[in-house]
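*Asks:* Structure incoming, see below.
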Amino acid sequence: MQSFTYERAASAEQAAAAVAERPDAKFISGGTNLLDLMKLEIERPAHLVDISRLPLDRIEETAAGGLRVGAQVRNSDLAADPRVRSRYPMLTQALLAGASGQIRNKASTSGNLLQRTRCPYFYDRNMPCNKREQGSGCAALQGFNRMHAVLGASQACIAVHPSDMAVAMAGLDARIETISPGGGTRTIPIGDLHRLPEATPHVETVLDHGEMIAAVTLPPPPPGRQVYRKVRDRASYAFALVSVAAVVEKSGDRIQSARIAMGGVAAKPWRATEAERTLAGAAASDGAFTDAAEAALAEAVGYGGNDFKIPLAKRTMRHTLAAAAESA
Amino acid sequence: MTETKTSNRPRETRSGIIGRPFDRIDGPLKVRGDATYAYENTLEGTAFGYILGAAVAKGRIAEIDTAEAERAPAVLLVMTHRNAPAQPDFGPAVTPTVPEVFTRARPALNSERVRYYDEPVALIVAETFEAARAAAGLIKVRYDEEPGLYDLSGHVADAYAPKRTNAGFETDSVIGDFESAFAAAPVKVDATYRTPFEHHNPMEPHATLAAWSGNELTIHTSAQTLANFRAGVASTLRIPPERVRIISPFIGGGFGSKLIAHADTILAALAAKVLQRPVKIALTRQQMFANAGHRAEMIQQVRLSTGTDGRLTGIAHDVWSATSSFEEYCEQTAVFARSLYAAPNRVTRHRLVPLDINRGEWMRSPGEAPGMLAFECAMDELAERLGLDPIELRIRNEPAQDPERGVPFSTRNLVACMEEGARRFGWQRRNPTPGRAREGRKLIGYGMAAAIRPNYIGAATARVAIDRDGRVTARLDMTDIGTGTYTILTQIAADSLGVPISSVKVELGDSRFPRTAGSGGSWGAASAGSALHNACNALRERILQAARSSEASPLRGAGATEASFADGEVRLGQRSASLTDLVRRIAPDGFEAEGSVAAGAATPSYKAYSQHSYGAHFAEVAVDCDTGEIRMRRMLAVMGAGRILNPKTARSQIIGGMTWGIGAALMEQTVLDRRYGHFVNHDLAEYHVPINGDVPEMEVVFLEEHDDKANPFGAKGIGELGVCGAGAAVANAIYNATGVRVRDFPITLDKLLPALPVIAI
């Protein structure tokens, strides 16, 4: 870990300005990911702006009937909020499926969205990694890539985004509110926040340097039953092999609408829009769920060690849709 | 505990203290944070070291630029192969004798050669840990990289036969004519299993605080076996062992990875000498993967043949294991198979493929852990082929005596363990046809496996003293690696001297104390316990002698009548006296005595009997029919392991072992990158071990047993028994649940998935 200077931000605007004025500055909140990366010198910020104490830690009702989640709401608090539990149960399920109790107590909402991949080659400075060092190559492509992406990857990078929370939020059409150094704000649909790797895997989001996430807004809960299903190698504290967030709205035996997002398959929470289209108006049946799963993974490509994720994601989606459609 | 037949006589304890489930003596200290672990020690002027590891797995350091690091704030020393104090060369890959494996020099930073990925290439010492670590990032190294060998399976054809296995076992054993028996057999299994690299990952990392006082070196570290550790340090530093003191009172887990000194110890000692200041170094979790040993990757072929009656006519267990190109380590993976089942024709063989990696080290249940994982699955496969219950198959092949040594067993309750386990587990509910038991969308399976583990005893000495206040102090260089050694030794001393455990203080973990065999090979209780027992007997004799003869003694003239020490009293015939009062009157300075025990291999009873502990493992798993996720439901172990000194610490040992079985069966695997030669998943986020959510309800049952051939207590080693076969029981349960036999460990869901049927929703 390299030495760095540290300041505690007094306000959101001031925090954004403080980071913006130095290219080597970064925001820090819970630090559950950034500190690890700094110890290994994968991240080497010379200045940290601590935003964890900013008054962005409230969950408020919106006029539209949704919830506005402050960027500094801790993962544990968000999961436990009675409004979240009753109206967005799959968000609670996703949060509780992620990390460990200790980490959830520290980790912030915005930090969770912006956490970096756990690709082991990214974590080892001696290994080629285009995300860490542009142009050095991707060691995972021909290497140990069991955990890696099957959708939206490129020859430059096949890393996945590790968040569970973001997958549920993608299924709920969450919107990200940011604040910029000048005090300007903008709202970004969660599906547009993260970028696919293409040739520039080191650029992971559309945020500008110094642009800070202030809140995540959840629209009113979509009709239908919500289910988050995470598949992992052990029962606790493991990143998803694949996960599926599904909301299925039924009318009689037919599916009115469905919203589906997948985790563990891409560099961003992956909205399965083709599968959603397939399901709309279809009879709620094993066949329809299977077709939807096929549609969701139609473009999937494996890289050897992660080939299994394609059938696994299909199987997981099929039974998750069935669970969401049950008594929906 | 349950009453079952015993093969030899149970023995009454003197006081009833032995065999009771006492809480850990050191428990409150640990809970309060008052147990000081190696890295928590600090001496006046301590400096902090940080190791920089090699970025390549094979080659030489062409250039190393330390200038910037040396100029960095608070940096005191940057040590590389160019300026490190002279040390002996590493020497040959194989030591002439087994003990030298533990005592040989293990130099660090003594060569420009890089032998494995992350091998230390520099040590940075600074006023703070943070300054040292930051400076490490400023060192620039250029390597001349050389192509290395990192692939076991591609080089099996080049494997060689070592001269011996770990612990000095014969590399091969051949009895009868296996190949002919196998060829002629009506029923057979020929199955090849793969087990991966695994890492110990004790909670406490390898850490050392070293300080010199003149020519005397004191090392606070985390070590399992102090005498060997000391000898290894001394030969590396080229000083007499007497000048090295090792202090290691508390160890946060070792599992075999703390039997020898690693780079933290050697470099702390060297840097402390150069700087004339105490130096403290810990390996980081990531560094532990390359620098603190591992269990090697293996390929095992198990061939079994029977007649239609299910009686084995042949057993062959062939093992190909990775080893290091510069130091040989051959895990004794097939050795247990020499004693487990009867068969007239038998072969066990060990072969090695040298790779450019660090040496393998002893990892919990070396031999049985990977060996039984494979072999006991093959037995399950054979049972199915025969249409026999797996327990019945094992009963039919129960030997009357050790099948290869031809000597009787001291005790062997394997069949009783299996039968008792079957009854308790509800084994009769198991559907022998796999893939048939379903609860909702979960496939349910039952599996079992046998456990066997040799009983060792190592040479040990203990010193015990009693003072005028009746306080008993026992000292020995034994260690407590979290197993409960403090507690059982306290019980042994209290029992022998007839005093309450509150009167006994056991001091361990200092190489100034009498030498023991340390913690390893499940022999700690037997070795250190027997030595302490003998020391207490010697102390009793001393006290009695003085009590009979001393003028101040209330028991003077009691003669050679029967003596007893119980309830704080000494009884001689009809007369008795308080032990404390007696000592105070006859020996104001108290008494002291030593006792010893010889290494088991040197004793007649070891030669005349086959000594093992046994057990039976049972497991129930649930496999998600959609995702293939495997979750444990419950486990049971029934153990026949001699007399149990403390059922509570013993149970903890066994459930810890069973948890290792879950890890080996389901998740533990370090991936060696065949291009770069590094362990890819070198942290605890990516190297999965079972944690609370993965460990089901576990039941442990000890059969009443006393092995009077083993040691004065009739106890046998249990530390590693819980691992042996546990993973195979899990694997067999997965097969029973799914009908899919995965022979490539660990059994992760991706290996099950292709063969899992799609079940209608």
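Residue names in the structure tokens use chain letters A, B, ... in the order shown, residue numbers from 1 in each chain, and ligand numbers from 1 in the order shown.
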Quick one: which region 117-166 of chain B residues come within 9 Å of region 38-57 of chain A, and what is the nearest atom pair for each with the distance in Å to one decimal, counting only C-alpha atoms, rows ordered by chain and ascending number, as CSV?

*Replies:*
residue,atom,partner,partner_atom,distance
B:Arg133,CA,A:Lys39,CA,8.5
B:Ala134,CA,A:Lys39,CA,8.9
B:Gly137,CA,A:Glu41,CA,7.8

*Asks:* Keeping N, CA and C atoms for every residue in the selection just given, could you write it to a file as a PDB file, in the first residue's frame?

*Replies:*
ATOM      1  N   ARG B 133       5.923  -2.221   3.843  1.00  0.00           N
ATOM      2  CA  ARG B 133       5.100  -2.703   2.730  1.00  0.00           C
ATOM      3  C   ARG B 133       5.109  -1.698   1.580  1.00  0.00           C
ATOM      4  N   ALA B 134       5.019  -0.424   1.912  1.00  0.00           N
ATOM      5  CA  ALA B 134       5.025   0.587   0.854  1.00  0.00           C
ATOM      6  C   ALA B 134       6.355   0.554   0.101  1.00  0.00           C
ATOM      7  N   GLY B 137       6.874  -1.974  -2.692  1.00  0.00           N
ATOM      8  CA  GLY B 137       6.328  -1.621  -3.997  1.00  0.00           C
ATOM      9  C   GLY B 137       7.274  -0.783  -4.839  1.00  0.00           C
TER      10      GLY B 137
END

*Asks:* Neighbouring residues of Ala139 (chain A) were defined as those with any atom within 8 Å, considering only C-alpha atoms; residues of the same chain fewer than 5 positions away were excluded. Please report them as a list in words.

*Replies:* Tyr121, Met127, Pro128 and Cys129 of chain A

*Asks:* Excluding region 70-84 of chain A and any residue of its chain fewer than 4 positions from it, enumerate the residues within 10 Å of it, using only C-alpha atoms, and give them as a PyMOL selection string.

*Replies:* chain A and resi 29-30+51-61+66+88-96+98-113+165+176-178+212-218+221

*Asks:* If the cut-off is 10 Å, can you tell me the residues of chain B near chain A, counting only C-alpha atoms? I'd like them as a PyMOL selection string.

*Replies:* chain B and resi 54-56+118+130-138+286+441+625-632+663+666-667+671-676+678-695+747-751+753-754+758+760-761

*Asks:* Just list as a ChimeraX atom specification whatever in region 404-631 of chain B DSSP marks as helix (DSSP H, G or I).

*Replies:* /B:414-425,427-429,485-497,501-503,524-549,579-586,600-602,604-608

*Asks:* So, with only C-alpha atoms as the atoms that count, which of B:Leu555, B:Ala269, B:Val94, B:Ile139 lies closest to Arg359 (chain B)?

*Replies:*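 Among the listed residues, the smallest separation from Arg359 (chain B) belongs to B:Val94.
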
*Asks:* Need to verify the contact set: region 578-593 of chain B, 6 Å, only C-alpha atoms, exclusion of same-chain residues closer than 5 positions in sequence. Can you return it as a list of chain:residue names?

*Replies:*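 Within the cut-off, the hits are B:Arg463, B:Val464, B:Ala465, B:Ile466, B:Asp467, B:Arg468, B:Asp469, B:Gly470, B:Ala535, B:Ala538, B:Leu539, B:Ala552, B:Ser553, B:Gly568, B:Glu569, B:Val570.
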
*Asks:* Step one, run DSSP on the backbone; step two, keep only residues of region 15-248 of chain A assigned to strand (DSSP E or B); then write them as a PyMOL selection string.

*Replies:* chain A and resi 25-28+47-50+59-61+67-70+74+108+129+138+154+157+175-179+185-189+194+205+212-218+225-231+242-248

*Asks:* Do a neighbour search on Glu198 (chain A) at 8 Å with only C-alpha atoms, toss out local chain neighbours closer than 6 positions, and write the hits as a list of chain:residue names.

*Replies:*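 Skipping anything fewer than 6 positions along the chain leaves A:Ala153, A:Ser154, A:Gln155, A:Ala156, A:Cys157.
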
*Asks:* Those same residues, written as an mmCIF file, in the first residue's frame with C-alpha atoms?

*Replies:*
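Done, and the output landed in part-v2.cif:
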data_model
loop_
_atom_site.group_PDB
_atom_site.id
_atom_site.type_symbol
_atom_site.label_atom_id
_atom_site.label_comp_id
_atom_site.auth_asym_id
_atom_site.auth_seq_id
_atom_site.Cartn_x
_atom_site.Cartn_y
_atom_site.Cartn_z
ATOM 1 C CA ALA A 153 -17.295 -10.060 -22.695
ATOM 2 C CA SER A 154 -14.517 -9.159 -25.111
ATOM 3 C CA GLN A 155 -11.106 -10.483 -26.028
ATOM 4 C CA ALA A 156 -9.725 -7.767 -23.782
ATOM 5 C CA CYS A 157 -11.551 -8.828 -20.641
#

*Asks:* Determine, counting only C-alpha atoms, which protein, DNA and RNA residues have an atom within 9 Å of an atom of Ala650 (chain B); residues of the same chain fewer than 2 positions away are not included. Present the result as a list in words.

*Replies:*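 Surrounding residues, per the criterion: Pro21, Thr483, Gly484, Ile644, Leu645, Asn646, Pro647, Lys648, Ser652, Gln653, Ile654, Ile655, Ile718 and Gly719 of chain B.
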
*Asks:* Please dump the current selection as a PDB file, in the first residue's frame; keep N, CA and C atoms.

*Replies:*
ATOM      1  N   PRO B  21     -15.252 -34.380  30.405  1.00  0.00           N
ATOM      2  CA  PRO B  21     -15.259 -33.338  29.357  1.00  0.00           C
ATOM      3  C   PRO B  21     -14.937 -31.953  29.909  1.00  0.00           C
ATOM      4  N   THR B 483      -5.713 -27.835  19.894  1.00  0.00           N
ATOM      5  CA  THR B 483      -6.308 -29.161  20.020  1.00  0.00           C
ATOM      6  C   THR B 483      -6.801 -29.471  21.427  1.00  0.00           C
ATOM      7  N   GLY B 484      -6.287 -28.736  22.422  1.00  0.00           N
ATOM      8  CA  GLY B 484      -6.669 -29.020  23.802  1.00  0.00           C
ATOM      9  C   GLY B 484      -5.550 -29.634  24.616  1.00  0.00           C
ATOM     10  N   ILE B 644     -10.618 -42.214  25.598  1.00  0.00           N
ATOM     11  CA  ILE B 644     -10.769 -40.798  25.280  1.00  0.00           C
ATOM     12  C   ILE B 644     -10.456 -39.989  26.542  1.00  0.00           C
ATOM     13  N   LEU B 645      -9.429 -39.164  26.454  1.00  0.00           N
ATOM     14  CA  LEU B 645      -8.952 -38.456  27.640  1.00  0.00           C
ATOM     15  C   LEU B 645      -9.912 -37.340  28.035  1.00  0.00           C
ATOM     16  N   ASN B 646     -10.468 -36.681  27.041  1.00  0.00           N
ATOM     17  CA  ASN B 646     -11.408 -35.593  27.299  1.00  0.00           C
ATOM     18  C   ASN B 646     -12.430 -35.589  26.155  1.00  0.00           C
ATOM     19  N   PRO B 647     -13.628 -36.067  26.420  1.00  0.00           N
ATOM     20  CA  PRO B 647     -14.603 -36.213  25.326  1.00  0.00           C
ATOM     21  C   PRO B 647     -14.915 -34.894  24.628  1.00  0.00           C
ATOM     22  N   LYS B 648     -14.768 -33.791  25.342  1.00  0.00           N
ATOM     23  CA  LYS B 648     -15.122 -32.502  24.741  1.00  0.00           C
ATOM     24  C   LYS B 648     -14.065 -32.059  23.729  1.00  0.00           C
ATOM     25  N   SER B 652     -14.234 -32.055  19.551  1.00  0.00           N
ATOM     26  CA  SER B 652     -13.855 -30.905  18.724  1.00  0.00           C
ATOM     27  C   SER B 652     -12.842 -31.315  17.655  1.00  0.00           C
ATOM     28  N   GLN B 653     -11.926 -32.179  18.048  1.00  0.00           N
ATOM     29  CA  GLN B 653     -10.955 -32.672  17.070  1.00  0.00           C
ATOM     30  C   GLN B 653     -11.647 -33.390  15.924  1.00  0.00           C
ATOM     31  N   ILE B 654     -12.584 -34.247  16.279  1.00  0.00           N
ATOM     32  CA  ILE B 654     -13.243 -35.059  15.239  1.00  0.00           C
ATOM     33  C   ILE B 654     -14.114 -34.176  14.342  1.00  0.00           C
ATOM     34  N   ILE B 655     -14.881 -33.264  14.933  1.00  0.00           N
ATOM     35  CA  ILE B 655     -15.746 -32.446  14.053  1.00  0.00           C
ATOM     36  C   ILE B 655     -14.889 -31.524  13.186  1.00  0.00           C
ATOM     37  N   ILE B 718      -6.204 -39.130  17.900  1.00  0.00           N
ATOM     38  CA  ILE B 718      -7.496 -38.856  17.276  1.00  0.00           C
ATOM     39  C   ILE B 718      -7.469 -37.607  16.409  1.00  0.00           C
ATOM     40  N   GLY B 719      -6.388 -36.820  16.506  1.00  0.00           N
ATOM     41  CA  GLY B 719      -6.385 -35.514  15.849  1.00  0.00           C
ATOM     42  C   GLY B 719      -6.755 -35.578  14.389  1.00  0.00           C
TER      43      GLY B 719
END

*Asks:* Would you mind telling me which residue in A:Leu207, A:Leu193, A:Ala284, A:Ala63 lies nearest to Ala267 (chain A) when using only C-alpha atoms?

*Replies:*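 Looking only at the distances to Ala267 (chain A), the closest residue turns out to be A:Leu193.
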
*Asks:* Quick one: pull the distance between CA of Ile444 (chain B) and CA of Ala383 (chain B), Å, one decimal.

*Replies:*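 A separation of 19.2 Å between them.
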
*Asks:* Out of B:Ala560, B:Leu508, B:Ala737, B:Val75, which residue has the shortest atom-to-atom distance to Gly435 (chain B) when counting only C-alpha atoms?

*Replies:*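 The shortest atom-to-atom distance to Gly435 (chain B) comes from B:Ala737.
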
*Asks:* Hey, what's within 9 Å of Pro219 (chain A) if we count only C-alpha atoms and toss same-chain stuff fewer than 6 positions away? As number ranges by chain, please?

*Replies:* A: 62, 64-68, 172-175

*Asks:* What does the structure give for the distance between CA of Gly293 (chain B) and CA of Phe90 (chain B), in Å to one decimal?

*Replies:* 16.5 Å

*Asks:* Have a look at CA of Ala462 (chain B) and CA of Glu242 (chain B) and let me know their distance in Å, one decimal.

*Replies:*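 Computing it gives 18.3 Å between the two atoms.
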